[in-house]
file entry_39.json (JSON, C-alpha atoms)
[["chain", "number", "residue", "atom", "x", "y", "z"],
["A", 1, "MET", "CA", -16.67, -23.27, -5.99],
["A", 2, "ILE", "CA", -13.95, -25.90, -5.92],
["A", 3, "GLN", "CA", -12.43, -27.44, -2.82],
["A", 4, "ARG", "CA", -8.66, -27.52, -2.47],
["A", 5, "LYS", "CA", -5.94, -26.80, 0.00],
["A", 6, "PRO", "CA", -3.93, -23.61, -0.48],
["A", 7, "CYS", "CA", -0.88, -24.56, -2.51],
["A", 8, "ALA", "CA", 2.49, -24.17, -0.78],
["A", 9, "ALA", "CA", 3.82, -22.76, -4.03],
["A", 10, "LEU", "CA", 1.83, -19.70, -3.07],
["A", 11, "ALA", "CA", 4.15, -19.21, -0.14],
["A", 12, "ALA", "CA", 3.87, -15.65, -1.26],
["A", 13, "ALA", "CA", 1.03, -14.73, 0.94],
["A", 14, "LEU", "CA", -1.10, -15.33, 3.97],
["A", 15, "LEU", "CA", -4.64, -16.62, 3.73],
["A", 16, "SER", "CA", -7.49, -14.92, 5.50],
["A", 17, "ALA", "CA", -9.50, -17.33, 7.65],
["A", 18, "VAL", "CA", -12.66, -15.26, 7.58],
["A", 19, "ALA", "CA", -15.27, -17.03, 5.41],
["A", 20, "PHE", "CA", -12.57, -19.36, 4.09],
["A", 21, "ALA", "CA", -12.01, -21.71, 7.01],
["A", 22, "SER", "CA", -13.00, -24.67, 4.82],
["A", 23, "HIS", "CA", -10.30, -23.78, 2.29],
["A", 24, "ALA", "CA", -12.94, -23.20, -0.36],
["A", 25, "PHE", "CA", -11.94, -20.95, -3.25],
["A", 26, "ALA", "CA", -13.41, -19.80, -6.52],
["A", 27, "ASP", "CA", -11.64, -20.62, -9.79],
["A", 28, "THR", "CA", -10.22, -17.11, -9.67],
["A", 29, "MET", "CA", -8.58, -16.24, -6.37],
["A", 30, "THR", "CA", -8.27, -12.69, -5.11],
["A", 31, "MET", "CA", -5.06, -11.26, -3.71],
["A", 32, "TRP", "CA", -4.34, -7.92, -2.07],
["A", 33, "VAL", "CA", -0.89, -6.37, -2.02],
["A", 34, "ARG", "CA", 0.45, -3.13, -0.62],
["A", 35, "ALA", "CA", 1.42, -0.55, -3.21],
["A", 36, "SER", "CA", 5.09, -0.79, -2.25],
["A", 37, "GLY", "CA", 5.10, -4.49, -3.15],
["A", 38, "THR", "CA", 3.05, -4.34, -6.33],
["A", 39, "ASN", "CA", 5.88, -4.95, -8.81],
["A", 40, "ALA", "CA", 7.09, -8.13, -7.14],
["A", 41, "ALA", "CA", 3.55, -9.38, -6.57],
["A", 42, "ALA", "CA", 2.53, -8.72, -10.16],
["A", 43, "HIS", "CA", 5.53, -10.71, -11.41],
["A", 44, "LEU", "CA", 4.66, -13.66, -9.16],
["A", 45, "VAL", "CA", 0.99, -13.57, -10.13],
["A", 46, "ASP", "CA", 1.88, -13.47, -13.83],
["A", 47, "LEU", "CA", 4.09, -16.54, -13.43],
["A", 48, "TRP", "CA", 1.32, -18.35, -11.55],
["A", 49, "ASN", "CA", -1.39, -17.46, -14.04],
["A", 50, "GLU", "CA", 0.75, -18.62, -16.96],
["A", 51, "THR", "CA", 1.12, -22.11, -15.52],
["A", 52, "HIS", "CA", -2.12, -22.77, -13.58],
["A", 53, "LYS", "CA", -5.75, -23.20, -14.51],
["A", 54, "ASP", "CA", -6.90, -21.42, -11.35],
["A", 55, "LYS", "CA", -6.00, -17.75, -11.74],
["A", 56, "ILE", "CA", -5.15, -14.99, -9.26],
["A", 57, "GLU", "CA", -6.63, -11.53, -9.54],
["A", 58, "LEU", "CA", -4.34, -8.93, -7.96],
["A", 59, "THR", "CA", -5.55, -5.73, -6.28],
["A", 60, "THR", "CA", -3.19, -3.00, -5.08],
["A", 61, "ILE", "CA", -4.02, -1.31, -1.76],
["A", 62, "PRO", "CA", -2.29, 1.91, -0.60],
["A", 63, "ASP", "CA", 0.26, 1.04, 2.09],
["A", 64, "ASN", "CA", -1.41, 3.10, 4.81],
["A", 65, "GLN", "CA", -4.84, 1.61, 4.10],
["A", 66, "MET", "CA", -4.05, -2.11, 4.10],
["A", 67, "VAL", "CA", -4.50, -2.84, 7.81],
["A", 68, "THR", "CA", -7.68, -0.76, 8.09],
["A", 69, "LYS", "CA", -9.14, -2.34, 4.95],
["A", 70, "LEU", "CA", -8.39, -5.84, 6.21],
["A", 71, "ALA", "CA", -9.83, -5.12, 9.65],
["A", 72, "THR", "CA", -13.07, -3.70, 8.24],
["A", 73, "GLY", "CA", -13.19, -6.48, 5.65],
["A", 74, "VAL", "CA", -13.03, -9.09, 8.39],
["A", 75, "GLN", "CA", -16.07, -7.58, 10.06],
["A", 76, "ALA", "CA", -17.99, -7.45, 6.79],
["A", 77, "GLY", "CA", -16.86, -10.86, 5.56],
["A", 78, "GLU", "CA", -15.26, -9.28, 2.51],
["A", 79, "VAL", "CA", -11.63, -10.36, 2.50],
["A", 80, "PRO", "CA", -9.26, -11.64, -0.21],
["A", 81, "ASP", "CA", -8.15, -15.25, -0.57],
["A", 82, "LEU", "CA", -4.53, -14.16, -0.36],
["A", 83, "VAL", "CA", -2.79, -11.12, 1.05],
["A", 84, "SER", "CA", 0.77, -9.90, 0.94],
["A", 85, "PHE", "CA", 0.88, -8.72, 4.51],
["A", 86, "ASP", "CA", 3.01, -6.28, 6.46],
["A", 87, "LEU", "CA", 5.08, -8.42, 8.81],
["A", 88, "ILE", "CA", 4.90, -5.97, 11.71],
["A", 89, "TYR", "CA", 1.14, -6.55, 12.01],
["A", 90, "MET", "CA", 1.41, -10.34, 11.66],
["A", 91, "PRO", "CA", 1.36, -11.12, 15.42],
["A", 92, "ASP", "CA", -1.83, -9.15, 15.99],
["A", 93, "PHE", "CA", -3.71, -10.76, 13.09],
["A", 94, "MET", "CA", -2.50, -14.27, 13.98],
["A", 95, "LYS", "CA", -3.56, -13.81, 17.60],
["A", 96, "ALA", "CA", -6.97, -12.51, 16.48],
["A", 97, "GLY", "CA", -7.57, -15.74, 14.51],
["A", 98, "PHE", "CA", -8.01, -14.06, 11.14],
["A", 99, "LEU", "CA", -5.51, -16.21, 9.23],
["A", 100, "VAL", "CA", -5.59, -19.83, 8.08],
["A", 101, "ASP", "CA", -3.20, -22.37, 9.63],
["A", 102, "LEU", "CA", -0.80, -23.37, 6.82],
["A", 103, "THR", "CA", 1.55, -25.52, 8.91],
["A", 104, "ASP", "CA", 0.96, -28.86, 7.19],
["A", 105, "ASP", "CA", 0.99, -27.38, 3.67],
["A", 106, "LEU", "CA", 4.16, -25.37, 4.15],
["A", 107, "LYS", "CA", 6.10, -28.10, 5.93],
["A", 108, "ALA", "CA", 5.18, -30.54, 3.15],
["A", 109, "ASP", "CA", 6.80, -28.25, 0.59],
["A", 110, "PRO", "CA", 10.40, -29.37, -0.18],
["A", 111, "ASN", "CA", 11.49, -25.72, -0.30],
["A", 112, "TYR", "CA", 10.43, -25.10, 3.30],
["A", 113, "ALA", "CA", 13.64, -26.50, 4.79],
["A", 114, "SER", "CA", 15.72, -23.82, 3.09],
["A", 115, "VAL", "CA", 13.57, -20.89, 4.28],
["A", 116, "ALA", "CA", 15.41, -18.60, 6.71],
["A", 117, "GLN", "CA", 14.35, -19.28, 10.31],
["A", 118, "ALA", "CA", 13.56, -15.61, 10.89],
["A", 119, "TYR", "CA", 10.87, -15.74, 8.19],
["A", 120, "LYS", "CA", 9.37, -18.82, 9.82],
["A", 121, "ASP", "CA", 9.42, -17.22, 13.25],
["A", 122, "ILE", "CA", 7.63, -14.04, 12.19],
["A", 123, "ALA", "CA", 4.78, -16.15, 10.74],
["A", 124, "THR", "CA", 4.45, -18.52, 13.71],
["A", 125, "TYR", "CA", 1.93, -18.24, 16.54],
["A", 126, "GLU", "CA", 1.48, -20.89, 19.23],
["A", 127, "GLY", "CA", 3.40, -23.41, 17.17],
["A", 128, "LYS", "CA", 1.40, -22.90, 13.96],
["A", 129, "LEU", "CA", 2.53, -21.32, 10.68],
["A", 130, "TYR", "CA", 0.35, -18.72, 8.99],
["A", 131, "GLY", "CA", 2.52, -17.59, 6.09],
["A", 132, "ALA", "CA", 5.95, -17.45, 4.52],
["A", 133, "GLY", "CA", 8.34, -14.86, 3.17],
["A", 134, "PHE", "CA", 7.23, -13.03, 0.04],
["A", 135, "THR", "CA", 9.13, -9.85, -0.77],
["A", 136, "PRO", "CA", 12.01, -9.43, 1.69],
["A", 137, "ASP", "CA", 13.89, -6.22, 1.04],
["A", 138, "VAL", "CA", 17.26, -4.89, 2.10],
["A", 139, "SER", "CA", 18.55, -1.66, 3.54],
["A", 140, "VAL", "CA", 21.67, -0.19, 1.98],
["A", 141, "LEU", "CA", 24.20, 2.29, 3.32],
["A", 142, "VAL", "CA", 25.55, 4.88, 0.89],
["A", 143, "TRP", "CA", 28.56, 7.10, 1.41],
["A", 144, "ASN", "CA", 29.39, 10.54, 0.04],
["A", 145, "LYS", "CA", 32.72, 10.25, -1.76],
["A", 146, "ASP", "CA", 33.21, 14.02, -1.89],
["A", 147, "LEU", "CA", 32.92, 14.28, 1.90],
["A", 148, "PHE", "CA", 35.26, 11.32, 2.31],
["A", 149, "LYS", "CA", 37.87, 13.14, 0.21],
["A", 150, "ARG", "CA", 37.46, 16.36, 2.19],
["A", 151, "ALA", "CA", 37.91, 14.47, 5.46],
["A", 152, "GLY", "CA", 41.09, 12.76, 4.23],
["A", 153, "LEU", "CA", 39.39, 9.38, 3.89],
["A", 154, "ASP", "CA", 39.70, 7.01, 0.96],
["A", 155, "PRO", "CA", 36.53, 7.58, -1.14],
["A", 156, "GLU", "CA", 36.87, 4.10, -2.64],
["A", 157, "LYS", "CA", 36.99, 2.42, 0.77],
["A", 158, "PRO", "CA", 33.62, 2.54, 2.55],
["A", 159, "PRO", "CA", 33.39, 1.56, 6.23],
["A", 160, "GLN", "CA", 33.04, -2.17, 6.84],
["A", 161, "THR", "CA", 31.93, -2.20, 10.49],
["A", 162, "ILE", "CA", 29.76, -0.14, 12.83],
["A", 163, "GLY", "CA", 32.93, 1.04, 14.53],
["A", 164, "GLU", "CA", 34.38, 2.28, 11.24],
["A", 165, "ILE", "CA", 31.12, 4.08, 10.45],
["A", 166, "ASP", "CA", 31.43, 5.86, 13.79],
["A", 167, "GLU", "CA", 35.09, 6.78, 13.22],
["A", 168, "ASP", "CA", 34.54, 8.03, 9.66],
["A", 169, "ALA", "CA", 31.43, 9.97, 10.67],
["A", 170, "LYS", "CA", 33.34, 11.84, 13.39],
["A", 171, "LYS", "CA", 36.04, 12.88, 10.91],
["A", 172, "ILE", "CA", 33.42, 14.15, 8.47],
["A", 173, "ARG", "CA", 31.54, 15.95, 11.25],
["A", 174, "ALA", "CA", 34.75, 17.82, 12.06],
["A", 175, "LEU", "CA", 34.64, 19.48, 8.64],
["A", 176, "GLY", "CA", 32.25, 22.15, 9.86],
["A", 177, "PRO", "CA", 29.15, 23.01, 11.89],
["A", 178, "ASP", "CA", 26.78, 22.23, 9.03],
["A", 179, "VAL", "CA", 28.42, 18.99, 7.91],
["A", 180, "TYR", "CA", 27.20, 15.73, 9.39],
["A", 181, "GLY", "CA", 28.87, 12.34, 9.19],
["A", 182, "PHE", "CA", 25.82, 10.08, 9.50],
["A", 183, "TYR", "CA", 22.20, 10.52, 8.56],
["A", 184, "PHE", "CA", 19.01, 8.50, 8.74],
["A", 185, "SER", "CA", 15.31, 9.36, 8.53],
["A", 186, "GLY", "CA", 14.87, 10.25, 12.18],
["A", 187, "ALA", "CA", 11.44, 11.80, 11.74],
["A", 188, "CYS", "CA", 10.08, 8.55, 10.26],
["A", 189, "PRO", "CA", 9.48, 5.99, 13.06],
["A", 190, "GLY", "CA", 9.34, 3.01, 10.73],
["A", 191, "CYS", "CA", 12.45, 4.15, 8.87],
["A", 192, "ASN", "CA", 14.67, 4.77, 11.85],
["A", 193, "ILE", "CA", 13.96, 1.48, 13.60],
["A", 194, "PHE", "CA", 15.17, -0.34, 10.49],
["A", 195, "ALA", "CA", 18.28, 1.84, 10.46],
["A", 196, "SER", "CA", 19.17, 1.62, 14.13],
["A", 197, "SER", "CA", 17.72, -1.59, 15.58],
["A", 198, "PRO", "CA", 20.19, -3.84, 13.69],
["A", 199, "MET", "CA", 23.01, -2.03, 15.51],
["A", 200, "MET", "CA", 21.30, -2.66, 18.84],
["A", 201, "VAL", "CA", 20.54, -6.32, 18.14],
["A", 202, "ALA", "CA", 24.06, -6.97, 16.81],
["A", 203, "ALA", "CA", 25.42, -5.52, 20.07],
["A", 204, "GLY", "CA", 23.34, -7.96, 22.11],
["A", 205, "SER", "CA", 20.37, -5.77, 23.03],
["A", 206, "LYS", "CA", 16.77, -6.89, 23.39],
["A", 207, "MET", "CA", 14.40, -4.55, 21.62],
["A", 208, "LEU", "CA", 10.68, -4.69, 22.42],
["A", 209, "PRO", "CA", 8.66, -6.48, 25.13],
["A", 210, "ALA", "CA", 6.29, -9.33, 24.20],
["A", 211, "ASN", "CA", 4.12, -8.53, 27.24],
["A", 212, "ASP", "CA", 4.08, -6.30, 30.31],
["A", 213, "ASN", "CA", 6.26, -8.75, 32.25],
["A", 214, "ASP", "CA", 8.93, -8.78, 29.56],
["A", 215, "GLU", "CA", 11.93, -6.45, 29.40],
["A", 216, "ALA", "CA", 12.58, -3.86, 26.69],
["A", 217, "LEU", "CA", 15.62, -1.97, 25.43],
["A", 218, "THR", "CA", 18.09, -3.96, 27.48],
["A", 219, "GLY", "CA", 21.81, -4.28, 26.87],
["A", 220, "ASP", "CA", 24.59, -1.77, 26.22],
["A", 221, "GLY", "CA", 23.91, -1.83, 22.48],
["A", 222, "THR", "CA", 20.80, 0.29, 22.90],
["A", 223, "ALA", "CA", 22.65, 3.28, 24.34],
["A", 224, "LYS", "CA", 25.58, 2.83, 21.97],
["A", 225, "ALA", "CA", 23.33, 2.84, 18.90],
["A", 226, "LEU", "CA", 21.46, 5.90, 20.16],
["A", 227, "GLY", "CA", 24.74, 7.65, 20.78],
["A", 228, "ILE", "CA", 25.87, 6.99, 17.20],
["A", 229, "GLY", "CA", 22.79, 7.94, 15.84],
["A", 230, "TYR", "CA", 15.99, -7.01, 13.04],
["A", 231, "VAL", "CA", 12.37, -6.83, 13.10],
["A", 232, "PRO", "CA", 11.06, -8.05, 16.47],
["A", 233, "TRP", "CA", 8.01, -10.29, 16.95],
["A", 234, "VAL", "CA", 5.64, -8.40, 19.28],
["A", 235, "TYR", "CA", 2.04, -7.29, 19.53],
["A", 236, "HIS", "CA", 1.18, -3.59, 19.14],
["A", 237, "PHE", "CA", 4.33, -2.94, 17.09],
["A", 238, "ALA", "CA", 2.76, 0.12, 15.47],
["A", 239, "ASP", "CA", 1.91, 1.68, 18.84],
["A", 240, "MET", "CA", 5.41, 1.05, 20.19],
["A", 241, "VAL", "CA", 7.32, 2.13, 17.10],
["A", 242, "ASN", "CA", 5.43, 3.31, 14.02],
["A", 243, "SER", "CA", 3.14, 6.06, 15.26],
["A", 244, "ASP", "CA", 4.40, 9.64, 15.38],
["A", 245, "SER", "CA", 3.92, 9.68, 19.17],
["A", 246, "SER", "CA", 5.37, 6.22, 19.82],
["A", 247, "PRO", "CA", 7.83, 5.58, 22.68],
["A", 248, "TRP", "CA", 10.43, 4.75, 20.02],
["A", 249, "ILE", "CA", 10.26, 8.09, 18.23],
["A", 250, "ASN", "CA", 9.98, 9.98, 21.52],
["A", 251, "MET", "CA", 13.12, 8.19, 22.73],
["A", 252, "TYR", "CA", 15.01, 9.40, 19.68],
["A", 253, "GLN", "CA", 13.74, 12.94, 19.95],
["A", 254, "ARG", "CA", 14.68, 13.17, 23.63],
["A", 255, "THR", "CA", 18.13, 11.73, 22.88],
["A", 256, "ILE", "CA", 18.78, 14.11, 20.00],
["A", 257, "PHE", "CA", 17.33, 17.31, 21.40],
["A", 258, "ASP", "CA", 17.94, 16.85, 25.15],
["A", 259, "GLY", "CA", 21.00, 14.61, 25.04],
["A", 260, "ASP", "CA", 19.49, 12.47, 27.81],
["A", 261, "VAL", "CA", 20.19, 8.96, 26.51],
["A", 262, "ASP", "CA", 19.62, 7.10, 29.80],
["A", 263, "GLY", "CA", 16.46, 9.03, 30.61],
["A", 264, "ALA", "CA", 15.10, 8.51, 27.10],
["A", 265, "ILE", "CA", 15.65, 4.76, 27.30],
["A", 266, "LYS", "CA", 14.10, 4.51, 30.78],
["A", 267, "GLU", "CA", 11.00, 6.42, 29.70],
["A", 268, "ALA", "CA", 10.62, 4.33, 26.52],
["A", 269, "LYS", "CA", 10.99, 1.07, 28.47],
["A", 270, "GLU", "CA", 8.16, 1.97, 30.83],
["A", 271, "LYS", "CA", 5.83, 3.08, 28.06],
["A", 272, "MET", "CA", 6.57, 0.03, 25.88],
["A", 273, "LYS", "CA", 5.79, -2.35, 28.74],
["A", 274, "GLU", "CA", 2.57, -0.48, 29.38],
["A", 275, "ILE", "CA", 1.56, -0.85, 25.71],
["A", 276, "ALA", "CA", 2.59, -4.53, 25.65],
["A", 277, "GLY", "CA", 0.24, -5.23, 28.55],
["A", 278, "GLU", "CA", -2.82, -3.87, 26.72]]
call {"tool": "encode", "arguments": {"input": "entry_39.json", "output": "structure tokens"}}
result
Amino acid sequence: MIQRKPCAALAAALLSAVAFASHAFADTMTMWVRASGTNAAAHLVDLWNETHKDKIELTTIPDNQMVTKLATGVQAGEVPDLVSFDLIYMPDFMKAGFLVDLTDDLKADPNYASVAQAYKDIATYEGKLYGAGFTPDVSVLVWNKDLFKRAGLDPEKPPQTIGEIDEDAKKIRALGPDVYGFYFSGACPGCNIFASSPMMVAAGSKMLPANDNDEALTGDGTAKALGIGYVPWVYHFADMVNSDSSPWINMYQRTIFDGDVDGAIKEAKEKMKEIAGE
């Protein structure tokens, strides 16, 4: 074993504190990555291994098994040195004390100052940093040029604002009973929060409660976004949003099938606060 601090150049990942609180690592470090991030991780690891004596051995974990595998690994003392972690579970693992405090190492890195504040915030708990951005992705909006033509819209001029999306979608919807102007993966809780929450946040809404005394789904933007069809820092994100029976997905289903926007929001608020207090 050799003793060293985790290098800030590995701002790719978060370090597990279990059995590694002394920052002791073998000459070959282990790293876990979710399957969806394997390509980017493999590229980073290759670059590291080409230029460093201490190597990284990468292991791919199926997306839906990562959290369970880490949780059971913590109990058994069998965890990787590095992990490319799902940001929505970060608050829970930081609070549980499973990750190493990287504050001094990251702030000493000259690149730290240029890191987006949102990436710093999602990896911060009680004033300490436990990781940094690794593979940020982006959502894209595509438009159907054939439908734009049929609706009398310019197929080479996509909407530039939320308001224009709404206006164009209504014109396309008017083409017929089986033609819809806007679509997102409504049956996928994780998908639809990434599609709709930016609209809510941009309109000034607050999304999820940090505890049972905090407010949720406040502001006119929530109802507006639901009517049309940012990743928050909270505990129990999966229970509030990602599970098939979450308040978030139930809110959407009630809005779509019952048309009761206000009632759906009220019910989701109460349930989210209840979960946040657990």
call {"tool": "atom_distance", "arguments": {"input": "entry_39.json", "atom1": "CA of Val33 (chain A)", "atom2": "CA of Phe93 (chain A)"}}
result
16.0 Å
call {"tool": "residues_near_point", "arguments": {"input": "entry_39.json", "point": "(2.1, 2.9, -9.5)", "cutoff": "10 Å", "atoms": "all atoms listed in the file", "output": "list in words"}}
result
Ala35, Ser36, Thr38, Asn39, Thr60 and Pro62 of chain A
call {"tool": "closest_residue", "arguments": {"input": "entry_39.json", "among": "A:Ile172, A:Val140, A:Ile162, A:Ala116", "to": "Met199 (chain A)", "atoms": "all atoms listed in the file"}}
result
A:Ile162
call {"tool": "atom_distance", "arguments": {"input": "entry_39.json", "atom1": "CA of Pro110 (chain A)", "atom2": "CA of Pro80 (chain A)"}}
result
26.5 Å
call {"tool": "closest_residue", "arguments": {"input": "entry_39.json", "among": "A:Glu267, A:Ile122, A:Tyr180, A:Ala174", "to": "Ile88 (chain A)", "atoms": "only C-alpha atoms"}}
result
A:Ile122
call {"tool": "closest_residue", "arguments": {"input": "entry_39.json", "among": "A:Met31, A:Val142, A:Val83, A:Ala268", "to": "Phe182 (chain A)", "atoms": "all atoms listed in the file"}}
result
A:Val142
call {"tool": "closest_residue", "arguments": {"input": "entry_39.json", "among": "A:Asp27, A:Arg34, A:Asp81, A:Ala40", "to": "Lys53 (chain A)", "atoms": "all atoms listed in the file"}}
result
A:Asp27
call {"tool": "closest_residue", "arguments": {"input": "entry_39.json", "among": "A:Phe194, A:Trp143, A:Tyr119, A:Tyr183", "to": "Lys157 (chain A)", "atoms": "all atoms listed in the file"}}
result
A:Trp143
call {"tool": "atom_distance", "arguments": {"input": "entry_39.json", "atom1": "CA of Val261 (chain A)", "atom2": "CA of Gly163 (chain A)"}}
result
19.2 Å
call {"tool": "closest_residue", "arguments": {"input": "entry_39.json", "among": "A:Ser139, A:Thr161, A:Asn64, A:Thr28", "to": "Ala195 (chain A)", "atoms": "only C-alpha atoms"}}
result
A:Ser139
call {"tool": "residues_around", "arguments": {"input": "entry_39.json", "residues": "region 148-154 of chain A", "least_positions_apart": "2", "cutoff": "12 Å", "atoms": "only C-alpha atoms", "output": "MDAnalysis selection string"}}
result
chainID A and resid 142:146 156:159 164:165 167:176 179:182
